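Just query-v9.csv here, CSV, C-alpha atoms and all ligand atoms:
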chain,number,residue,atom,x,y,z
E,970,MET,CA,0.0,0.0,0.0
E,971,ASN,CA,1.2,3.5,-0.7
E,972,LYS,CA,2.5,5.5,2.2
E,973,VAL,CA,0.6,8.4,3.6
E,974,ILE,CA,2.5,11.6,4.4
E,975,GLY,CA,1.1,14.2,6.6
E,976,VAL,CA,2.3,17.8,6.1
E,977,PHE,CA,1.5,20.4,8.7
E,978,ASP,CA,2.0,24.1,9.0
E,979,SER,CA,0.2,27.0,10.8
E,980,GLY,CA,-1.0,28.3,7.4
E,981,ILE,CA,-0.3,28.4,3.7
E,982,GLY,CA,3.5,28.2,4.1
E,983,GLY,CA,3.5,24.4,4.3
E,984,LEU,CA,1.6,24.1,1.0
E,985,THR,CA,4.9,24.9,-0.8
E,986,ILE,CA,6.4,21.8,0.9
E,987,ALA,CA,3.4,19.7,0.3
E,988,THR,CA,3.6,20.6,-3.4
E,989,ALA,CA,7.3,19.8,-3.6
E,990,ILE,CA,6.6,16.4,-2.0
E,991,ARG,CA,3.7,15.7,-4.4
E,992,ASN,CA,5.9,16.6,-7.4
E,993,ALA,CA,8.8,14.4,-6.2
E,994,PHE,CA,6.6,11.4,-5.1
E,995,PRO,CA,3.4,11.3,-7.2
E,996,GLU,CA,2.7,7.8,-5.9
E,997,LEU,CA,2.4,9.0,-2.2
E,998,GLU,CA,-0.8,10.2,-0.6
E,999,VAL,CA,0.0,13.7,0.8
E,1000,ARG,CA,-2.4,15.1,3.4
E,1001,PHE,CA,-1.9,18.8,4.1
E,1002,VAL,CA,-3.4,20.3,7.2
E,1003,ASN,CA,-3.0,23.8,8.7
E,1004,ASP,CA,-4.4,25.8,11.5
E,1005,VAL,CA,-6.0,28.8,9.8
E,1006,GLU,CA,-7.8,29.7,13.0
E,1007,HIS,CA,-4.6,30.4,14.9
E,1008,VAL,CA,-2.1,31.4,12.3
E,1009,PRO,CA,0.4,33.1,12.8
E,1010,TYR,CA,2.3,30.9,15.3
E,1011,GLY,CA,5.5,32.9,15.0
E,1012,THR,CA,4.4,35.5,17.6
E,1013,LYS,CA,3.2,32.9,20.1
E,1014,THR,CA,5.0,31.3,23.0
E,1015,LYS,CA,6.5,27.9,23.0
E,1016,GLU,CA,3.7,26.6,25.2
E,1017,GLU,CA,1.0,28.0,23.0
E,1018,ILE,CA,2.7,26.5,19.9
E,1019,LEU,CA,3.0,23.1,21.5
E,1020,ALA,CA,-0.6,23.2,22.7
E,1021,LEU,CA,-1.9,24.1,19.3
E,1022,SER,CA,0.2,21.8,17.2
E,1023,TYR,CA,0.1,18.6,19.2
E,1024,PRO,CA,-3.6,17.7,18.7
E,1025,ILE,CA,-3.3,18.3,15.0
E,1026,LEU,CA,-0.2,16.1,14.7
E,1027,LYS,CA,-1.8,13.5,16.9
E,1028,LYS,CA,-4.8,13.4,14.6
E,1029,LEU,CA,-2.6,12.9,11.6
E,1030,GLN,CA,-0.9,10.0,13.4
E,1031,ASP,CA,-4.2,8.5,14.4
E,1032,ASP,CA,-5.6,8.9,11.0
E,1033,GLY,CA,-3.0,6.6,9.6
E,1034,CYS,CA,-0.1,8.7,8.3
E,1035,ASP,CA,3.2,6.9,8.1
E,1036,VAL,CA,5.4,10.1,8.4
E,1037,ILE,CA,4.6,13.7,9.2
E,1038,VAL,CA,6.6,16.6,7.8
E,1039,VAL,CA,6.4,19.6,10.2
E,1040,ALA,CA,6.5,22.1,7.4
E,1041,CYS,CA,6.9,25.0,9.8
E,1042,ASN,CA,10.2,26.3,11.1
E,1043,THR,CA,8.4,27.9,14.1
E,1044,VAL,CA,6.9,24.6,15.3
E,1045,SER,CA,10.1,22.6,14.5
E,1046,THR,CA,12.5,24.9,16.3
E,1047,THR,CA,10.4,25.5,19.4
E,1048,ALA,CA,8.6,22.3,20.0
E,1049,ILE,CA,10.0,19.3,18.1
E,1050,VAL,CA,11.6,17.7,21.1
E,1051,GLU,CA,8.4,17.6,23.0
E,1052,LEU,CA,6.4,16.6,20.0
E,1053,ARG,CA,8.7,13.6,19.3
E,1054,GLN,CA,8.3,12.5,22.9
E,1055,LYS,CA,4.5,12.7,22.8
E,1056,LEU,CA,4.1,11.1,19.4
E,1057,SER,CA,5.2,7.7,18.0
E,1058,ILE,CA,5.5,8.5,14.3
E,1059,PRO,CA,8.6,9.8,12.4
E,1060,LEU,CA,8.5,13.6,12.4
E,1061,ILE,CA,10.6,15.4,9.8
E,1062,ALA,CA,11.5,18.9,11.1
E,1063,LEU,CA,12.3,22.0,9.1
E,1064,GLU,CA,14.8,24.5,10.5
E,1065,PRO,CA,16.6,27.6,9.1
E,1066,MET,CA,19.4,26.5,6.8
E,1067,VAL,CA,22.2,28.1,8.8
E,1068,LYS,CA,24.7,25.3,8.0
E,1069,PRO,CA,24.5,25.5,4.2
E,1070,ALA,CA,24.3,29.3,4.3
E,1071,ALA,CA,27.5,29.5,6.4
E,1072,ALA,CA,29.2,27.1,4.0
E,1073,LEU,CA,28.2,29.2,1.0
E,1074,THR,CA,28.9,32.8,2.1
E,1075,LYS,CA,32.0,34.5,0.8
E,1076,THR,CA,31.4,37.8,2.6
E,1077,LYS,CA,31.1,35.9,5.9
E,1078,THR,CA,27.7,37.4,6.4
E,1079,ILE,CA,24.3,35.7,6.0
E,1080,ALA,CA,20.8,36.8,6.6
E,1081,VAL,CA,18.1,34.6,8.3
E,1082,CYS,CA,14.5,35.7,7.7
E,1083,ALA,CA,12.4,33.9,10.2
E,1084,THR,CA,9.6,34.4,12.7
E,1085,PRO,CA,10.2,35.9,16.2
E,1086,ALA,CA,9.6,32.5,17.8
E,1087,THR,CA,12.1,30.8,15.6
E,1088,LEU,CA,14.7,33.5,16.1
E,1089,ALA,CA,14.2,33.2,19.9
E,1090,SER,CA,14.4,29.4,20.0
E,1091,LYS,CA,17.2,27.5,21.6
E,1092,ARG,CA,17.5,25.2,18.6
E,1093,TYR,CA,18.2,28.2,16.4
E,1094,SER,CA,20.8,29.5,18.8
E,1095,ASP,CA,22.4,26.1,18.8
E,1096,LEU,CA,22.5,26.0,15.0
E,1097,LYS,CA,24.3,29.3,15.0
E,1098,LEU,CA,26.8,28.2,17.7
E,1099,GLU,CA,27.5,24.9,15.9
E,1100,PHE,CA,27.6,26.1,12.2
E,1101,ALA,CA,28.0,29.9,12.1
E,1102,GLN,CA,31.2,30.5,14.1
E,1103,GLY,CA,33.0,33.4,12.5
E,1104,VAL,CA,30.0,34.3,10.4
E,1105,LYS,CA,27.9,37.4,11.0
E,1106,VAL,CA,24.2,36.5,11.1
E,1107,VAL,CA,21.8,39.3,10.2
E,1108,GLU,CA,18.2,38.8,11.4
E,1109,PRO,CA,15.9,41.4,9.7
E,1110,ASN,CA,12.6,42.2,11.3
E,1111,CYS,CA,10.1,39.9,9.5
E,1112,ALA,CA,7.7,39.8,12.5
E,1113,ASN,CA,4.5,40.5,10.5
E,1114,TRP,CA,5.4,38.8,7.2
E,1115,ALA,CA,3.7,35.5,7.8
E,1116,GLU,CA,0.4,37.2,8.8
E,1117,LEU,CA,0.6,39.5,5.7
E,1118,ILE,CA,1.6,36.7,3.3
E,1119,GLU,CA,-1.3,34.6,4.7
E,1120,LYS,CA,-3.6,37.5,3.6
E,1121,ASN,CA,-1.7,38.0,0.4
E,1122,SER,CA,-1.0,41.6,1.5
E,1123,LEU,CA,2.8,41.9,2.0
E,1124,GLY,CA,3.8,44.8,-0.2
E,1125,GLN,CA,6.7,44.9,-2.6
E,1126,LYS,CA,8.0,48.0,-0.8
E,1127,GLN,CA,8.3,46.2,2.6
E,1128,ILE,CA,10.1,43.3,0.9
E,1129,ALA,CA,12.5,45.7,-1.0
E,1130,ASP,CA,13.3,47.7,2.2
E,1131,THR,CA,14.1,44.5,4.1
E,1132,VAL,CA,16.3,43.2,1.3
E,1133,GLU,CA,18.0,46.5,1.1
E,1134,SER,CA,18.9,46.4,4.8
E,1135,ILE,CA,20.3,42.9,4.3
E,1136,LEU,CA,22.5,44.0,1.4
E,1137,LYS,CA,23.7,47.0,3.4
E,1138,ALA,CA,24.8,44.6,6.1
E,1139,GLY,CA,26.9,42.8,3.5
E,1140,ALA,CA,25.1,39.5,3.4
E,1141,ASP,CA,25.5,37.4,0.2
E,1142,VAL,CA,23.2,34.5,1.3
E,1143,ILE,CA,19.6,34.9,2.5
E,1144,VAL,CA,17.9,32.0,4.3
E,1145,LEU,CA,14.2,31.7,4.1
E,1146,GLY,CA,13.6,30.4,7.6
E,1147,CYS,CA,9.8,30.4,7.4
E,1148,THR,CA,7.8,28.4,4.9
E,1149,HIS,CA,5.4,31.3,4.3
E,1150,TYR,CA,8.3,33.2,2.8
E,1151,HIS,CA,8.7,30.6,0.0
E,1152,TRP,CA,5.7,32.3,-1.6
E,1153,ILE,CA,7.7,35.5,-2.0
E,1154,GLU,CA,11.0,33.8,-2.9
E,1155,GLN,CA,11.0,35.3,-6.5
E,1156,ASP,CA,10.3,38.8,-5.1
E,1157,ILE,CA,13.2,38.5,-2.7
E,1158,LYS,CA,15.5,37.2,-5.4
E,1159,LYS,CA,14.5,40.0,-7.7
E,1160,ALA,CA,15.1,42.6,-5.0
E,1161,ALA,CA,18.4,41.0,-4.0
E,1162,GLY,CA,19.9,40.7,-7.4
E,1163,ASP,CA,22.1,37.9,-8.8
E,1164,LYS,CA,25.1,38.4,-6.4
E,1165,VAL,CA,23.0,37.1,-3.5
E,1166,THR,CA,21.9,33.4,-3.1
E,1167,VAL,CA,18.5,32.8,-1.6
E,1168,ILE,CA,18.0,29.3,-0.1
E,1169,GLN,CA,15.1,27.4,1.2
E,1170,PRO,CA,14.6,23.8,2.2
E,1171,GLU,CA,12.1,22.2,-0.2
E,1172,GLN,CA,14.5,19.9,-1.9
E,1173,ALA,CA,16.4,19.1,1.3
E,1174,ILE,CA,13.0,17.9,2.8
E,1175,VAL,CA,12.3,15.8,-0.3
E,1176,ARG,CA,15.7,14.1,0.1
E,1177,ARG,CA,15.1,13.6,3.9
E,1178,LEU,CA,11.7,12.1,3.3
E,1179,LYS,CA,13.2,9.7,0.7
E,1180,GLN,CA,15.7,8.5,3.4
E,1181,VAL,CA,12.9,8.1,6.0
E,1182,LEU,CA,10.7,6.2,3.6
E,1183,GLU,CA,13.6,3.8,2.7
E,1184,GLN,CA,14.1,3.2,6.4
E,1185,LEU,CA,10.4,2.3,6.8
E,1186,ALA,CA,10.3,0.0,3.8
B,1201,LIG,N1,5.3,28.9,8.2
B,1201,LIG,C1,5.7,28.9,9.5
B,1201,LIG,C2,7.2,28.8,9.6
B,1201,LIG,O1,7.8,28.1,8.8
B,1201,LIG,C3,5.1,29.8,10.5
B,1201,LIG,C4,4.6,31.1,10.2
B,1201,LIG,C5,3.7,31.6,11.4
B,1201,LIG,O2,2.7,31.0,11.7
B,1201,LIG,O3,4.1,32.6,12.0
B,1201,LIG,O4,7.8,29.3,10.5
Could you rewrite the structure in this file as structure tokens?
Ligand code: DGL
Amino acid sequence: MNKVIGVFDSGIGGLTIATAIRNAFPELEVRFVNDVEHVPYGTKTKEEILALSYPILKKLQDDGCDVIVVACNTVSTTAIVELRQKLSIPLIALEPMVKPAAALTKTKTIAVCATPATLASKRYSDLKLEFAQGVKVVEPNCANWAELIEKNSLGQKQIADTVESILKAGADVIVLGCTHYHWIEQDIKKAAGDKVTVIQPEQAIVRRLKQVLEQLA
């Protein structure tokens, strides 16, 4: 029987991941769920994020998913340890791509665009400590981006101003550390120009899912 993959995000961000998985594995059943009632999660506390996400993931598990992709950096960086303890299904987590960004930068400066909860998480600090020694990490204020993207109302000017501040700081790699921002990847790339590399984790998640499915087979 074909495997069933649950994909969860607070809102529309995770749809980009669900689409990448569907494209890579047309034979799998992909069930995408989100929490439109409570999006955005990125301005909530760890306790709130855990309390909101756990029942949704538990239902995906109980409904017969084989693997769940937590297509939300905010949930992954704040609550994945507790979620893994409480659930008995493989959970694939997303987190800001600090390691590849630090390996790519030539200016020794990277920018991480992410929600306030992700930027404040211990997991994110640990990623910087482990992989970004000697690299300056710029964290522009994207606090209202997810909410605005959810309503399709993040303006080009706000994107351009943010990218300009990133360029001024000297970054040559921009990490999209929130799946909502995948929807504006082309706008960010256009504003940043071709000397800057913009990275996001869709293909890395596809590769990770392949490994997990091979282990389950
Ligand atoms: N798309 C999510 C992330 O990757 C969360 C956005 C939000 O709900 O604030 O972080």
Have a look at E:Ala1071, E:Ile981, E:Cys1111, E:Val1175 and name the one nearest to Val1142 in chain E; count all atoms listed in the file.
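Using all atoms listed in the file, Val1142 in chain E sits closest to E:Ala1071.
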Identify, counting only C-alpha atoms and all ligand atoms, the protein, DNA and RNA residues located within 7 Å of ligand LIG 1201 (chain B), and give them as a JSON list (two decimals) with C-alpha atoms, keeping the file's coordinate frame.
[["chain", "number", "residue", "atom", "x", "y", "z"],
["E", 978, "ASP", "CA", 2.00, 24.10, 9.00],
["E", 979, "SER", "CA", 0.20, 27.00, 10.80],
["E", 980, "GLY", "CA", -1.00, 28.30, 7.40],
["E", 982, "GLY", "CA", 3.50, 28.20, 4.10],
["E", 983, "GLY", "CA", 3.50, 24.40, 4.30],
["E", 1008, "VAL", "CA", -2.10, 31.40, 12.30],
["E", 1009, "PRO", "CA", 0.40, 33.10, 12.80],
["E", 1010, "TYR", "CA", 2.30, 30.90, 15.30],
["E", 1011, "GLY", "CA", 5.50, 32.90, 15.00],
["E", 1012, "THR", "CA", 4.40, 35.50, 17.60],
["E", 1040, "ALA", "CA", 6.50, 22.10, 7.40],
["E", 1041, "CYS", "CA", 6.90, 25.00, 9.80],
["E", 1042, "ASN", "CA", 10.20, 26.30, 11.10],
["E", 1043, "THR", "CA", 8.40, 27.90, 14.10],
["E", 1044, "VAL", "CA", 6.90, 24.60, 15.30],
["E", 1083, "ALA", "CA", 12.40, 33.90, 10.20],
["E", 1084, "THR", "CA", 9.60, 34.40, 12.70],
["E", 1087, "THR", "CA", 12.10, 30.80, 15.60],
["E", 1115, "ALA", "CA", 3.70, 35.50, 7.80],
["E", 1116, "GLU", "CA", 0.40, 37.20, 8.80],
["E", 1146, "GLY", "CA", 13.60, 30.40, 7.60],
["E", 1147, "CYS", "CA", 9.80, 30.40, 7.40],
["E", 1148, "THR", "CA", 7.80, 28.40, 4.90],
["E", 1149, "HIS", "CA", 5.40, 31.30, 4.30]]
I want to know what sits within 7 Å of range 1124-1136 of chain E, based on all atoms listed in the file, with residues of the same chain fewer than 2 positions away left out; could you give that as number ranges by chain?
E: 1080, 1109, 1122, 1138-1140, 1157, 1160-1161
Please write as a ChimeraX atom specification the list of polymer residues whose atoms come within 8 Å of (9.0, 5.4, 6.3), counting all atoms listed in the file and keeping to the coordinates of the file.
/E:972,1035-1036,1059,1178,1180-1186
Quick one: residues within 12 Å of Lys1091 in chain E, all atoms listed in the file counted, chain neighbours fewer than 2 positions away excluded, as a list of chain:residue names?
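Neighbouring residues, sequence-local ones excluded: E:Lys1015, E:Thr1043, E:Ser1045, E:Thr1046, E:Thr1047, E:Ala1048, E:Ile1049, E:Val1050, E:Glu1064, E:Ala1086, E:Thr1087, E:Leu1088, E:Ala1089, E:Tyr1093, E:Ser1094, E:Asp1095, E:Leu1096, E:Lys1097, E:Leu1098.
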Please identify all polymer residues within 12 Å of range 1075-1077 of chain E, counting all atoms listed in the file, omitting same-chain residues fewer than 5 positions from it, and present them as a ChimeraX atom specification.
/E:1070,1101-1107,1136,1138-1142,1164-1166
Applying 12 Å and only C-alpha atoms, which residues near Thr988 in chain E remain after dropping the ones on its own chain fewer than 5 positions away? List them as a ChimeraX atom specification.
/E:974,976,981-983,993-995,997-1001,1040,1151,1171-1172,1174-1175
Limited to C-alpha atoms, could you put the picked residues into a file as a compact mmCIF listing (two decimals), keeping the file's coordinate frame?
# COMPACT_ATOMS: atom_id res chain seq x y z
CA ILE E 974 2.50 11.60 4.40
CA VAL E 976 2.30 17.80 6.10
CA ILE E 981 -0.30 28.40 3.70
CA GLY E 982 3.50 28.20 4.10
CA GLY E 983 3.50 24.40 4.30
CA ALA E 993 8.80 14.40 -6.20
CA PHE E 994 6.60 11.40 -5.10
CA PRO E 995 3.40 11.30 -7.20
CA LEU E 997 2.40 9.00 -2.20
CA GLU E 998 -0.80 10.20 -0.60
CA VAL E 999 0.00 13.70 0.80
CA ARG E 1000 -2.40 15.10 3.40
CA PHE E 1001 -1.90 18.80 4.10
CA ALA E 1040 6.50 22.10 7.40
CA HIS E 1151 8.70 30.60 0.00
CA GLU E 1171 12.10 22.20 -0.20
CA GLN E 1172 14.50 19.90 -1.90
CA ILE E 1174 13.00 17.90 2.80
CA VAL E 1175 12.30 15.80 -0.30
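For the choices E:Ala1072, E:Lys1158, E:Phe977, E:Ala987, the atom-to-atom distance to Ile1025 in chain E is smallest for E:Phe977 when using all atoms listed in the file.
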Nearest residue to Leu984 in chain E from the set E:Gln1169, E:Ile1079, E:Trp1152, E:Lys1068 (distances using all atoms listed in the file):
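Of the candidates, the smallest distance to Leu984 in chain E is held by E:Trp1152.
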Could you state the separation of CA of Thr985 in chain E and CA of Ile1118 in chain E in Å, given to one decimal place?
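Taking CA of Thr985 in chain E as the start and CA of Ile1118 in chain E as the end point, the length is 12.9 Å.
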Enter the distance from CA of Val1081 in chain E to CA of Tyr1023 in chain E, in Å, rounded to one decimal.
26.4 Å
Å distance separating CA of Gln1030 in chain E from CA of Ile986 in chain E, one decimal place
18.7 Å
Which is closest to Tyr1150 in chain E among E:Leu1052, E:Leu1029, E:Val1167, E:Ala1020, if we use only C-alpha atoms?
E:Val1167
